[in-house]
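Novice: Quick one, model21.cif (mmCIF, C-alpha atoms and all ligand atoms):
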data_input
#
loop_
_atom_site.label_atom_id
_atom_site.label_comp_id
_atom_site.auth_asym_id
_atom_site.auth_seq_id
_atom_site.Cartn_x
_atom_site.Cartn_y
_atom_site.Cartn_z
CA MET J 64 -57.06 106.73 23.13
CA SER J 65 -58.71 104.90 26.03
CA ASN J 66 -56.88 102.07 27.79
CA PRO J 67 -58.84 98.80 27.32
CA LYS J 68 -57.36 97.32 30.54
CA PRO J 69 -57.17 100.26 32.96
CA LEU J 70 -56.96 97.96 35.99
CA ALA J 71 -54.27 95.59 34.67
CA GLY J 72 -52.20 94.27 37.58
CA ARG J 73 -54.59 95.58 40.25
CA ILE J 74 -55.95 93.15 42.85
CA ALA J 75 -59.62 93.72 43.66
CA LEU J 76 -61.58 92.15 46.52
CA VAL J 77 -65.38 92.18 46.27
CA THR J 78 -67.61 91.08 49.16
CA GLY J 79 -71.00 89.63 48.26
CA ALA J 80 -69.52 88.62 44.91
CA SER J 81 -71.73 85.53 44.61
CA ARG J 82 -74.61 87.28 42.83
CA GLY J 83 -76.34 90.56 42.03
CA LEU J 84 -74.38 93.80 42.13
CA GLY J 85 -71.25 92.16 43.60
CA LYS J 86 -71.06 89.68 40.75
CA ALA J 87 -71.60 92.42 38.14
CA MET J 88 -68.88 94.61 39.67
CA ALA J 89 -66.47 91.66 39.85
CA LEU J 90 -67.06 90.88 36.16
CA ALA J 91 -66.59 94.54 35.15
CA LEU J 92 -63.33 94.87 37.09
CA ALA J 93 -62.03 91.57 35.70
CA ASP J 94 -62.88 92.74 32.19
CA ALA J 95 -60.82 95.87 32.92
CA GLY J 96 -57.82 93.66 33.76
CA ALA J 97 -58.05 93.33 37.56
CA ILE J 98 -57.29 90.08 39.39
CA LEU J 99 -60.34 89.23 41.49
CA ALA J 100 -60.69 87.96 45.04
CA LEU J 101 -64.34 86.89 45.24
CA THR J 102 -65.87 86.44 48.67
CA ALA J 103 -69.28 85.56 50.15
CA ARG J 104 -70.74 82.47 51.91
CA ASP J 105 -72.03 80.47 48.91
CA GLN J 106 -69.15 78.40 47.50
CA ALA J 107 -70.99 77.11 44.42
CA ALA J 108 -72.19 80.56 43.39
CA LEU J 109 -68.71 82.05 43.87
CA ASP J 110 -67.16 79.20 41.86
CA SER J 111 -69.50 79.94 38.97
CA VAL J 112 -68.55 83.65 38.99
CA ALA J 113 -64.85 82.67 39.04
CA LYS J 114 -65.45 80.32 36.10
CA VAL J 115 -66.99 83.11 34.00
CA ILE J 116 -63.93 85.29 34.69
CA ARG J 117 -61.44 82.48 33.93
CA ASP J 118 -63.33 81.47 30.77
CA CYS J 119 -62.83 85.05 29.55
CA GLY J 120 -59.08 84.80 30.19
CA GLY J 121 -59.07 86.58 33.56
CA ARG J 122 -57.87 85.51 37.00
CA ALA J 123 -60.17 85.02 40.00
CA GLU J 124 -59.84 83.22 43.33
CA VAL J 125 -62.67 82.26 45.66
CA PHE J 126 -62.58 82.89 49.43
CA LEU J 127 -65.48 81.77 51.64
CA ALA J 128 -66.12 84.17 54.50
CA ASP J 129 -68.92 85.61 56.60
CA ALA J 130 -68.16 89.33 56.42
CA THR J 131 -69.79 89.92 59.83
CA SER J 132 -67.29 87.69 61.65
CA GLU J 133 -64.12 89.33 62.98
CA ALA J 134 -62.27 85.99 62.97
CA ALA J 135 -63.41 85.15 59.42
CA VAL J 136 -62.28 88.55 58.12
CA GLN J 137 -58.89 88.12 59.80
CA SER J 138 -58.43 84.70 58.13
CA LEU J 139 -59.63 86.15 54.83
CA GLU J 140 -56.96 88.84 55.03
CA SER J 141 -54.13 86.34 55.50
CA GLU J 142 -55.49 83.97 52.84
CA VAL J 143 -55.91 86.72 50.23
CA LYS J 144 -52.41 88.07 50.93
CA ALA J 145 -50.90 84.58 50.67
CA ARG J 146 -52.73 83.58 47.46
CA LEU J 147 -52.86 86.89 45.56
CA GLY J 148 -50.83 89.56 47.33
CA PRO J 149 -51.85 92.98 48.69
CA VAL J 150 -55.29 94.23 47.71
CA ASP J 151 -55.51 97.51 45.73
CA ILE J 152 -59.29 97.76 45.49
CA LEU J 153 -61.82 96.82 48.19
CA ILE J 154 -65.53 96.81 47.40
CA ASN J 155 -67.70 96.42 50.50
CA ASN J 156 -70.88 95.17 48.87
CA ALA J 157 -72.26 92.40 51.14
CA GLY J 158 -75.67 93.47 52.36
CA ILE J 159 -79.10 92.35 53.51
CA ASN J 160 -82.48 93.94 54.16
CA ILE J 161 -85.13 93.04 56.72
CA ARG J 162 -88.30 95.00 56.06
CA LYS J 163 -90.70 95.47 58.98
CA PRO J 164 -91.96 98.27 61.23
CA VAL J 165 -89.58 99.44 63.96
CA ILE J 166 -91.80 98.16 66.77
CA GLU J 167 -91.77 94.64 65.29
CA PHE J 168 -87.96 94.36 64.98
CA THR J 169 -86.20 91.97 67.34
CA LEU J 170 -82.83 93.11 68.61
CA ALA J 171 -81.25 90.12 66.83
CA GLU J 172 -82.73 91.23 63.48
CA TRP J 173 -81.61 94.83 64.03
CA ARG J 174 -78.08 93.67 64.81
CA GLN J 175 -78.02 91.31 61.83
CA VAL J 176 -78.73 94.21 59.44
CA LEU J 177 -76.26 96.57 61.14
CA ASP J 178 -73.57 93.86 61.33
CA THR J 179 -73.93 92.89 57.66
CA ASN J 180 -74.32 96.34 56.13
CA LEU J 181 -72.12 98.50 58.36
CA THR J 182 -69.86 96.59 60.76
CA SER J 183 -68.64 94.28 57.97
CA ALA J 184 -67.29 97.34 56.11
CA PHE J 185 -65.41 98.43 59.23
CA LEU J 186 -63.94 94.92 59.67
CA MET J 187 -62.95 94.68 56.02
CA CYS J 188 -61.38 98.15 55.91
CA ARG J 189 -59.47 97.58 59.13
CA ALA J 190 -58.07 94.36 57.65
CA PHE J 191 -57.35 95.47 54.08
CA VAL J 192 -56.56 99.20 54.14
CA PRO J 193 -53.04 98.43 55.47
CA HIS J 194 -52.46 96.54 52.16
CA MET J 195 -52.98 99.79 50.25
CA ARG J 196 -50.93 102.22 52.33
CA GLY J 197 -47.70 103.62 50.93
CA ARG J 198 -48.27 102.21 47.44
CA GLY J 199 -49.57 105.34 45.71
CA TYR J 200 -52.99 103.91 44.80
CA GLY J 201 -55.93 102.46 46.67
CA ARG J 202 -59.70 102.34 46.23
CA VAL J 203 -62.43 101.59 48.76
CA ILE J 204 -66.01 101.53 47.51
CA ASN J 205 -68.88 101.03 49.93
CA LEU J 206 -72.29 100.02 48.59
CA THR J 207 -74.59 102.40 50.41
CA SER J 208 -78.11 102.97 49.06
CA MET J 209 -80.68 105.49 47.98
CA MET J 210 -82.22 104.46 51.32
CA SER J 211 -79.37 106.20 53.16
CA HIS J 212 -80.58 109.53 51.70
CA ILE J 213 -84.35 108.97 51.94
CA SER J 214 -86.43 106.16 53.40
CA LEU J 215 -89.68 104.21 53.30
CA PRO J 216 -91.75 102.62 56.06
CA GLY J 217 -90.18 99.33 57.14
CA ARG J 218 -86.62 100.33 56.27
CA ALA J 219 -85.35 101.60 59.65
CA ALA J 220 -82.50 99.15 60.15
CA TYR J 221 -81.52 99.24 56.49
CA SER J 222 -81.60 103.05 56.24
CA ALA J 223 -79.76 103.44 59.54
CA SER J 224 -77.04 101.01 58.46
CA LYS J 225 -76.58 102.63 55.06
CA ALA J 226 -76.63 106.21 56.40
CA GLY J 227 -74.04 105.06 58.94
CA LEU J 228 -71.98 103.65 56.09
CA ILE J 229 -71.89 107.09 54.45
CA GLY J 230 -70.56 108.60 57.69
CA PHE J 231 -67.95 105.85 57.88
CA THR J 232 -67.01 106.49 54.23
CA LYS J 233 -66.40 110.19 54.83
CA THR J 234 -64.23 109.66 57.92
CA LEU J 235 -62.13 106.97 56.27
CA ALA J 236 -61.70 109.14 53.15
CA LEU J 237 -60.25 111.92 55.32
CA GLU J 238 -57.95 109.50 57.13
CA LEU J 239 -56.58 108.05 53.87
CA ALA J 240 -56.58 111.03 51.48
CA SER J 241 -52.89 111.82 51.87
CA ASP J 242 -52.09 108.18 51.11
CA HIS J 243 -53.70 108.37 47.61
CA ILE J 244 -56.44 105.98 48.72
CA THR J 245 -59.94 107.13 47.77
CA VAL J 246 -63.02 106.07 49.71
CA ASN J 247 -66.48 106.55 48.22
CA GLY J 248 -70.03 105.32 48.46
CA ILE J 249 -72.26 104.21 45.63
CA SER J 250 -75.97 104.62 46.40
CA PRO J 251 -78.07 102.59 43.98
CA GLY J 252 -81.78 102.97 43.57
CA PRO J 253 -83.87 99.82 42.99
CA CYS J 254 -82.04 97.17 40.92
CA ALA J 255 -83.59 93.81 40.04
CA THR J 256 -81.58 91.51 42.34
CA GLU J 257 -82.35 88.95 45.02
CA ILE J 258 -82.44 91.54 47.81
CA ASN J 259 -85.58 92.95 46.13
CA LYS J 260 -87.29 89.57 45.64
CA PRO J 261 -90.26 90.47 47.89
CA ILE J 262 -90.96 93.48 45.64
CA LEU J 263 -90.15 91.83 42.31
CA GLU J 264 -92.42 88.86 43.10
CA ASN J 265 -95.36 91.17 43.80
CA PRO J 266 -96.42 92.70 40.43
CA ALA J 267 -98.51 95.47 42.01
CA LEU J 268 -95.72 96.47 44.37
CA SER J 269 -93.13 96.25 41.59
CA GLN J 270 -95.28 98.55 39.43
CA GLN J 271 -95.64 100.94 42.36
CA PHE J 272 -91.82 101.13 42.59
CA ILE J 273 -91.41 101.68 38.86
CA SER J 274 -93.94 104.51 38.99
CA LYS J 275 -91.66 106.28 41.49
CA ILE J 276 -88.58 106.02 39.26
CA PRO J 277 -88.47 108.92 36.77
CA VAL J 278 -86.63 106.85 34.12
CA GLY J 279 -89.48 104.32 34.40
CA ARG J 280 -87.56 101.09 35.02
CA TRP J 281 -85.43 99.16 37.50
CA GLY J 282 -81.71 99.83 37.50
CA LYS J 283 -79.37 97.36 35.77
CA VAL J 284 -76.51 95.76 37.68
CA GLU J 285 -74.17 96.60 34.78
CA GLU J 286 -74.93 100.31 35.26
CA VAL J 287 -73.79 100.17 38.89
CA ALA J 288 -70.76 98.09 37.87
CA ALA J 289 -69.75 100.73 35.29
CA LEU J 290 -69.80 103.39 38.01
CA ALA J 291 -67.66 101.23 40.32
CA LEU J 292 -65.17 100.71 37.50
CA HIS J 293 -65.05 104.47 36.89
CA LEU J 294 -64.14 105.08 40.55
CA CYS J 295 -61.29 102.57 40.27
CA ARG J 296 -59.62 104.33 37.35
CA ASP J 297 -56.46 106.38 37.91
CA GLU J 298 -58.37 109.39 36.53
CA SER J 299 -60.78 109.23 39.51
CA ALA J 300 -58.09 110.01 42.10
CA PHE J 301 -59.75 113.36 42.96
CA ILE J 302 -63.13 111.76 43.79
CA THR J 303 -63.08 110.90 47.48
CA GLY J 304 -65.26 111.18 50.57
CA THR J 305 -68.46 111.36 48.58
CA ASP J 306 -71.49 109.23 47.84
CA ILE J 307 -72.80 108.90 44.31
CA LEU J 308 -76.49 108.27 43.72
CA ILE J 309 -77.44 106.06 40.77
CA ASP J 310 -81.19 105.89 41.14
CA GLY J 311 -82.94 106.79 37.89
CA GLY J 312 -83.83 110.17 39.38
CA TRP J 313 -85.87 108.88 42.39
CA THR J 314 -84.23 111.19 44.94
CA ALA J 315 -84.39 114.24 42.65
CA GLN J 316 -88.15 114.45 43.30
N1 LIG P 1 -80.34 95.85 44.50
C1 LIG P 1 -80.67 97.06 44.94
O1 LIG P 1 -81.72 97.60 44.57
C2 LIG P 1 -79.77 97.80 45.87
C3 LIG P 1 -80.05 99.17 46.08
C4 LIG P 1 -79.23 99.87 46.96
C5 LIG P 1 -78.17 99.24 47.59
N2 LIG P 1 -77.95 97.91 47.37
C6 LIG P 1 -76.83 97.30 48.09
O2 LIG P 1 -75.98 96.65 47.18
C7 LIG P 1 -75.37 95.53 47.80
C8 LIG P 1 -75.56 94.29 46.95
O3 LIG P 1 -76.94 94.00 46.89
P1 LIG P 1 -77.61 93.08 45.79
O4 LIG P 1 -78.72 93.85 45.24
O5 LIG P 1 -76.60 92.53 44.85
O6 LIG P 1 -78.22 91.94 46.73
P2 LIG P 1 -78.10 90.34 46.69
O7 LIG P 1 -78.29 89.84 45.32
O8 LIG P 1 -79.03 89.87 47.76
O9 LIG P 1 -76.59 90.07 47.12
C9 LIG P 1 -76.14 90.26 48.42
C10 LIG P 1 -74.75 89.67 48.54
O10 LIG P 1 -74.28 89.86 49.90
C11 LIG P 1 -73.73 88.63 50.33
N3 LIG P 1 -73.84 88.54 51.78
C12 LIG P 1 -74.93 88.73 52.55
N4 LIG P 1 -74.64 88.54 53.85
C13 LIG P 1 -73.31 88.22 53.90
C14 LIG P 1 -72.41 87.92 54.95
N5 LIG P 1 -72.81 87.88 56.24
N6 LIG P 1 -71.13 87.67 54.64
C15 LIG P 1 -70.71 87.69 53.35
N7 LIG P 1 -71.52 87.97 52.32
C16 LIG P 1 -72.81 88.23 52.59
C17 LIG P 1 -74.52 87.56 49.59
O11 LIG P 1 -73.75 86.39 49.42
P3 LIG P 1 -73.93 85.00 50.22
O12 LIG P 1 -75.39 84.87 50.54
O13 LIG P 1 -73.39 84.01 49.26
O14 LIG P 1 -73.07 85.16 51.42
C18 LIG P 1 -74.70 88.20 48.23
O15 LIG P 1 -73.59 87.96 47.41
C19 LIG P 1 -75.99 95.44 49.19
O16 LIG P 1 -75.15 96.05 50.13
C20 LIG P 1 -77.28 96.21 49.05
O17 LIG P 1 -77.73 96.74 50.27
C21 LIG P 1 -78.72 97.19 46.53
#
Go ahead and render the structure in this file as structure tokens.
Specialist:
Amino acid sequence: MSNPKPLAGRIALVTGASRGLGKAMALALADAGAILALTARDQAALDSVAKVIRDCGGRAEVFLADATSEAAVQSLESEVKARLGPVDILINNAGINIRKPVIEFTLAEWRQVLDTNLTSAFLMCRAFVPHMRGRGYGRVINLTSMMSHISLPGRAAYSASKAGLIGFTKTLALELASDHITVNGISPGPCATEINKPILENPALSQQFISKIPVGRWGKVEEVAALALHLCRDESAFITGTDILIDGGWTAQ
């Protein structure tokens, strides 16, 4: 018989929990019994996610933080520990995309993408992995992307950051394997969230994307959330150091 609350008693921290995939993963983990630490920069949006969780009988706390700031991540670590206790599950989901040709990128834009998508995961892991050590269970999930395996014109910074995140995932998995902490990437294909607004708002471009997806539609945030939940289960302890594509078959072509 399956356990309806497989994450009961676990504390899960999700970055970029204010909307999109982060929100969906936070709701799925809360539904599975986890206590949620929700973080991003938009207080009102985070409060509304926390309200949904509390209205369903769960527990969630909101922590405002810019995941690219070393000082903010250090304060986040002490605040989360003080208010909730040691984190068992860390989902590094905060991310942005700036789409333009390489020769048009400013250095500031390049750094903004790398800082948000890659360096933030390093800062968060350095702060929160010590919470997990020596406790027999830990989960780190990094939101990589289909664009770390393939690319498109205009995606240099994004692809570089996400491919780098896969390398980081593998190294950290090796460093933590003997501590029963798994570290994995989830590589979604196109999902209908704010990060894809420029595509979604352009019907011709949106159709062009759909035509490249063998299942013939955008991915659903709940589908990515279900995969994240699977990786958090006790039964997933042997899955580590890998990156799982969830892309409707795009990269199989
Ligand atoms: N949707 C897709 O098709 C897709 C495909 C592959 C990979 N992904 C990856 O999945 C993750 C989530 O994307 P999404 O689709 O849910 O996009 P989204 O709706 O734009 O959400 C991005 C989240 O990141 C947060 N964020 C951005 N910069 C931040 C910063 N400096 N500090 C803290 N939080 C920050 C945002 O919150 P605030 O603005 O409130 O801070 C927001 O909650 C990203 O890493 C993205 O690259 C998405």
Novice: Given all atoms listed in the file as the basis, pick out the residue of J:Ser250, J:Thr232, J:Thr303, J:Thr131 nearest to J:Thr182.
Specialist: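 Nearest candidate to J:Thr182 out of J:Ser250, J:Thr232, J:Thr303, J:Thr131: J:Thr131.
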Novice: Check the smallest atom-to-atom distance from each of J:Met88, J:Leu181, J:Leu268, J:Ile302 to J:Ala223 using all atoms listed in the file, then report the winner.
Specialist: J:Leu181
Novice: From the set J:Cys188, J:Ala100, J:Leu76, J:Met210, which residue has the shortest atom-to-atom contact distance to ligand LIG 1 (chain P), counting only C-alpha atoms and all ligand atoms?
Specialist: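 Checking each candidate against ligand LIG 1 (chain P), we get J:Met210 as the closest.
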Novice: Neighbouring residues of ligand LIG 1 (chain P) are defined here as those with any atom at most 6 Å from a ligand atom, counting all atoms listed in the file; list them as a ChimeraX atom specification.
Specialist: /J:78-85,103-105,128-131,156-159,179,206-209,250-258
Novice: Take atom CA of J:Thr169 and atom CA of J:Gly217 and report the distance between them in Å, one decimal.
Specialist: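 The value is 13.2 Å.
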Novice: May I have the residues within 12 Å of J:Ala95 as JSON, numbers by chain, using all atoms listed in the file and disregarding those fewer than 5 positions away in the same chain?
Specialist: {"J": [65, 66, 67, 68, 69, 70, 71, 72, 73, 74, 75, 88, 89, 90, 116, 119, 120, 121, 122, 288, 289, 291, 292, 293, 295, 296]}
Novice: Residues within 8 Å of J:Met195, please, as a PyMOL selection string. Count all atoms listed in the file; anything in the same chain fewer than 6 positions from it doesn't count.
Specialist: chain J and resi 149-151+201+244
Novice: Which residue out of J:Val246, J:Leu237, J:Ile98, J:Val165 has the minimum interatomic distance to J:Arg218 when all atoms listed in the file are used?
Specialist: J:Val165
Novice: Between atom CA of J:Tyr200 and atom CA of J:His243, measure the distance and give it in Å to one decimal.
Specialist: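 Distance between the two atoms: 5.3 Å.
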Novice: What's the separation between atom CA of J:Asp297 and atom CA of J:Ile152, in Å to one decimal place?
Specialist: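 Computing the Euclidean distance for atom CA of J:Asp297 and atom CA of J:Ile152 yields 11.8 Å.
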Novice: Quick one: residues within 10 Å of J:Gly304, only C-alpha atoms counted, chain neighbours fewer than 3 positions away excluded, as a compact mmCIF listing (two decimals) with C-alpha atoms, keeping the file's coordinate frame?
Specialist:
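The resulting file, around_19.txt, is shown below:
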# COMPACT_ATOMS: atom_id res chain seq x y z
CA ILE J 229 -71.89 107.09 54.45
CA GLY J 230 -70.56 108.60 57.69
CA PHE J 231 -67.95 105.85 57.88
CA THR J 232 -67.01 106.49 54.23
CA LYS J 233 -66.40 110.19 54.83
CA THR J 234 -64.23 109.66 57.92
CA LEU J 235 -62.13 106.97 56.27
CA ALA J 236 -61.70 109.14 53.15
CA LEU J 237 -60.25 111.92 55.32
CA GLU J 238 -57.95 109.50 57.13
CA LEU J 239 -56.58 108.05 53.87
CA ALA J 240 -56.58 111.03 51.48
CA THR J 245 -59.94 107.13 47.77
CA VAL J 246 -63.02 106.07 49.71
CA ASN J 247 -66.48 106.55 48.22
CA GLY J 248 -70.03 105.32 48.46
CA PHE J 301 -59.75 113.36 42.96
Novice: Check the smallest atom-to-atom distance from each of J:Leu177, J:Val115, J:Leu263, J:Val278 to J:Tyr221 using only C-alpha atoms, then report the winner.
Specialist: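 Of J:Leu177, J:Val115, J:Leu263, J:Val278, the one nearest J:Tyr221 is J:Leu177, counting only C-alpha atoms.
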Novice: Taking into account only C-alpha atoms, which residue in the set J:Trp173, J:Phe272, J:Phe168, J:Phe191 is nearest to J:Val136?
Specialist: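 Residue with the minimum atom-to-atom distance to J:Val136: J:Phe191.
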Novice: Which residues, written as a ChimeraX atom specification, have at least one atom at most 9 Å from J:Ala190, with all atoms listed in the file counted and residues fewer than 3 positions away on the same chain left out?
Specialist: /J:136-137,139-140,185-187,193-194
Novice: Considering all atoms listed in the file, return as a VMD selection string whatever protein or nucleic-acid residues lie within 8 Å of J:Pro277, sequence-local ones (same chain, fewer than 3 positions apart) excluded.
Specialist: chain J and resid 274 311 to 313
Novice: Could you complete stretch 259-293 of chain J so that it carries N, CA and C atoms, and give it back as a PDB file, in the frame of the given file?
Specialist:
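Saved the output as rebuild09.pdb:
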ATOM      1  N   ASN J 259     -84.261  92.349  46.397  1.00  0.00           N
ATOM      2  CA  ASN J 259     -85.580  92.950  46.130  1.00  0.00           C
ATOM      3  C   ASN J 259     -86.632  91.928  45.725  1.00  0.00           C
ATOM      4  N   LYS J 260     -86.354  90.643  46.004  1.00  0.00           N
ATOM      5  CA  LYS J 260     -87.290  89.570  45.640  1.00  0.00           C
ATOM      6  C   LYS J 260     -88.720  89.843  46.138  1.00  0.00           C
ATOM      7  N   PRO J 261     -88.896  90.264  47.404  1.00  0.00           N
ATOM      8  CA  PRO J 261     -90.260  90.470  47.890  1.00  0.00           C
ATOM      9  C   PRO J 261     -91.023  91.519  47.064  1.00  0.00           C
ATOM     10  N   ILE J 262     -90.296  92.464  46.468  1.00  0.00           N
ATOM     11  CA  ILE J 262     -90.960  93.480  45.640  1.00  0.00           C
ATOM     12  C   ILE J 262     -91.157  92.946  44.225  1.00  0.00           C
ATOM     13  N   LEU J 263     -90.092  92.323  43.689  1.00  0.00           N
ATOM     14  CA  LEU J 263     -90.150  91.830  42.310  1.00  0.00           C
ATOM     15  C   LEU J 263     -91.225  90.753  42.134  1.00  0.00           C
ATOM     16  N   GLU J 264     -91.446  89.952  43.198  1.00  0.00           N
ATOM     17  CA  GLU J 264     -92.420  88.860  43.100  1.00  0.00           C
ATOM     18  C   GLU J 264     -93.855  89.333  43.300  1.00  0.00           C
ATOM     19  N   ASN J 265     -94.020  90.611  43.593  1.00  0.00           N
ATOM     20  CA  ASN J 265     -95.360  91.170  43.800  1.00  0.00           C
ATOM     21  C   ASN J 265     -95.592  92.211  42.692  1.00  0.00           C
ATOM     22  N   PRO J 266     -96.297  91.814  41.592  1.00  0.00           N
ATOM     23  CA  PRO J 266     -96.420  92.700  40.430  1.00  0.00           C
ATOM     24  C   PRO J 266     -96.965  94.086  40.770  1.00  0.00           C
ATOM     25  N   ALA J 267     -97.933  94.157  41.682  1.00  0.00           N
ATOM     26  CA  ALA J 267     -98.510  95.470  42.010  1.00  0.00           C
ATOM     27  C   ALA J 267     -97.476  96.348  42.710  1.00  0.00           C
ATOM     28  N   LEU J 268     -96.742  95.723  43.635  1.00  0.00           N
ATOM     29  CA  LEU J 268     -95.720  96.470  44.370  1.00  0.00           C
ATOM     30  C   LEU J 268     -94.577  96.896  43.441  1.00  0.00           C
ATOM     31  N   SER J 269     -94.199  95.964  42.551  1.00  0.00           N
ATOM     32  CA  SER J 269     -93.130  96.250  41.590  1.00  0.00           C
ATOM     33  C   SER J 269     -93.523  97.454  40.720  1.00  0.00           C
ATOM     34  N   GLN J 270     -94.779  97.450  40.260  1.00  0.00           N
ATOM     35  CA  GLN J 270     -95.280  98.550  39.430  1.00  0.00           C
ATOM     36  C   GLN J 270     -95.285  99.864  40.211  1.00  0.00           C
ATOM     37  N   GLN J 271     -95.627  99.749  41.490  1.00  0.00           N
ATOM     38  CA  GLN J 271     -95.640 100.940  42.360  1.00  0.00           C
ATOM     39  C   GLN J 271     -94.221 101.533  42.453  1.00  0.00           C
ATOM     40  N   PHE J 272     -93.215 100.661  42.544  1.00  0.00           N
ATOM     41  CA  PHE J 272     -91.820 101.130  42.590  1.00  0.00           C
ATOM     42  C   PHE J 272     -91.447 101.804  41.275  1.00  0.00           C
ATOM     43  N   ILE J 273     -91.780 101.130  40.170  1.00  0.00           N
ATOM     44  CA  ILE J 273     -91.410 101.680  38.860  1.00  0.00           C
ATOM     45  C   ILE J 273     -92.041 103.067  38.669  1.00  0.00           C
ATOM     46  N   SER J 274     -93.260 103.214  39.172  1.00  0.00           N
ATOM     47  CA  SER J 274     -93.940 104.510  38.990  1.00  0.00           C
ATOM     48  C   SER J 274     -93.235 105.627  39.758  1.00  0.00           C
ATOM     49  N   LYS J 275     -92.395 105.256  40.730  1.00  0.00           N
ATOM     50  CA  LYS J 275     -91.660 106.280  41.490  1.00  0.00           C
ATOM     51  C   LYS J 275     -90.301 106.600  40.876  1.00  0.00           C
ATOM     52  N   ILE J 276     -89.905 105.826  39.859  1.00  0.00           N
ATOM     53  CA  ILE J 276     -88.580 106.020  39.260  1.00  0.00           C
ATOM     54  C   ILE J 276     -88.751 106.831  37.973  1.00  0.00           C
ATOM     55  N   PRO J 277     -88.251 108.085  37.947  1.00  0.00           N
ATOM     56  CA  PRO J 277     -88.470 108.920  36.770  1.00  0.00           C
ATOM     57  C   PRO J 277     -88.065 108.267  35.448  1.00  0.00           C
ATOM     58  N   VAL J 278     -86.983 107.467  35.410  1.00  0.00           N
ATOM     59  CA  VAL J 278     -86.630 106.850  34.120  1.00  0.00           C
ATOM     60  C   VAL J 278     -87.544 105.667  33.783  1.00  0.00           C
ATOM     61  N   GLY J 279     -88.416 105.282  34.699  1.00  0.00           N
ATOM     62  CA  GLY J 279     -89.480 104.320  34.400  1.00  0.00           C
ATOM     63  C   GLY J 279     -89.067 102.867  34.335  1.00  0.00           C
ATOM     64  N   ARG J 280     -87.989 102.499  35.007  1.00  0.00           N
ATOM     65  CA  ARG J 280     -87.560 101.090  35.020  1.00  0.00           C
ATOM     66  C   ARG J 280     -86.641 100.850  36.204  1.00  0.00           C
ATOM     67  N   TRP J 281     -86.418  99.548  36.482  1.00  0.00           N
ATOM     68  CA  TRP J 281     -85.430  99.160  37.500  1.00  0.00           C
ATOM     69  C   TRP J 281     -84.025  99.446  36.974  1.00  0.00           C
ATOM     70  N   GLY J 282     -83.096  99.661  37.897  1.00  0.00           N
ATOM     71  CA  GLY J 282     -81.710  99.830  37.500  1.00  0.00           C
ATOM     72  C   GLY J 282     -81.093  98.502  37.075  1.00  0.00           C
ATOM     73  N   LYS J 283     -80.066  98.584  36.227  1.00  0.00           N
ATOM     74  CA  LYS J 283     -79.370  97.360  35.770  1.00  0.00           C
ATOM     75  C   LYS J 283     -78.072  97.213  36.554  1.00  0.00           C
ATOM     76  N   VAL J 284     -77.737  95.979  36.900  1.00  0.00           N
ATOM     77  CA  VAL J 284     -76.510  95.760  37.680  1.00  0.00           C
ATOM     78  C   VAL J 284     -75.283  96.256  36.923  1.00  0.00           C
ATOM     79  N   GLU J 285     -75.325  96.161  35.594  1.00  0.00           N
ATOM     80  CA  GLU J 285     -74.170  96.600  34.780  1.00  0.00           C
ATOM     81  C   GLU J 285     -73.961  98.104  34.903  1.00  0.00           C
ATOM     82  N   GLU J 286     -75.058  98.844  35.133  1.00  0.00           N
ATOM     83  CA  GLU J 286     -74.930 100.310  35.260  1.00  0.00           C
ATOM     84  C   GLU J 286     -74.193 100.672  36.552  1.00  0.00           C
ATOM     85  N   VAL J 287     -74.494  99.934  37.616  1.00  0.00           N
ATOM     86  CA  VAL J 287     -73.790 100.170  38.890  1.00  0.00           C
ATOM     87  C   VAL J 287     -72.330  99.715  38.752  1.00  0.00           C
ATOM     88  N   ALA J 288     -72.123  98.606  38.057  1.00  0.00           N
ATOM     89  CA  ALA J 288     -70.760  98.090  37.870  1.00  0.00           C
ATOM     90  C   ALA J 288     -69.901  99.096  37.083  1.00  0.00           C
ATOM     91  N   ALA J 289     -70.502  99.751  36.094  1.00  0.00           N
ATOM     92  CA  ALA J 289     -69.750 100.730  35.290  1.00  0.00           C
ATOM     93  C   ALA J 289     -69.314 101.909  36.158  1.00  0.00           C
ATOM     94  N   LEU J 290     -70.159 102.288  37.110  1.00  0.00           N
ATOM     95  CA  LEU J 290     -69.800 103.390  38.010  1.00  0.00           C
ATOM     96  C   LEU J 290     -68.665 102.966  38.946  1.00  0.00           C
ATOM     97  N   ALA J 291     -68.740 101.735  39.454  1.00  0.00           N
ATOM     98  CA  ALA J 291     -67.660 101.230  40.320  1.00  0.00           C
ATOM     99  C   ALA J 291     -66.338 101.215  39.559  1.00  0.00           C
ATOM    100  N   LEU J 292     -66.390 100.747  38.317  1.00  0.00           N
ATOM    101  CA  LEU J 292     -65.170 100.710  37.500  1.00  0.00           C
ATOM    102  C   LEU J 292     -64.614 102.127  37.309  1.00  0.00           C
ATOM    103  N   HIS J 293     -65.508 103.073  37.073  1.00  0.00           N
ATOM    104  CA  HIS J 293     -65.050 104.470  36.890  1.00  0.00           C
ATOM    105  C   HIS J 293     -64.287 104.939  38.138  1.00  0.00           C
TER     106      HIS J 293
END
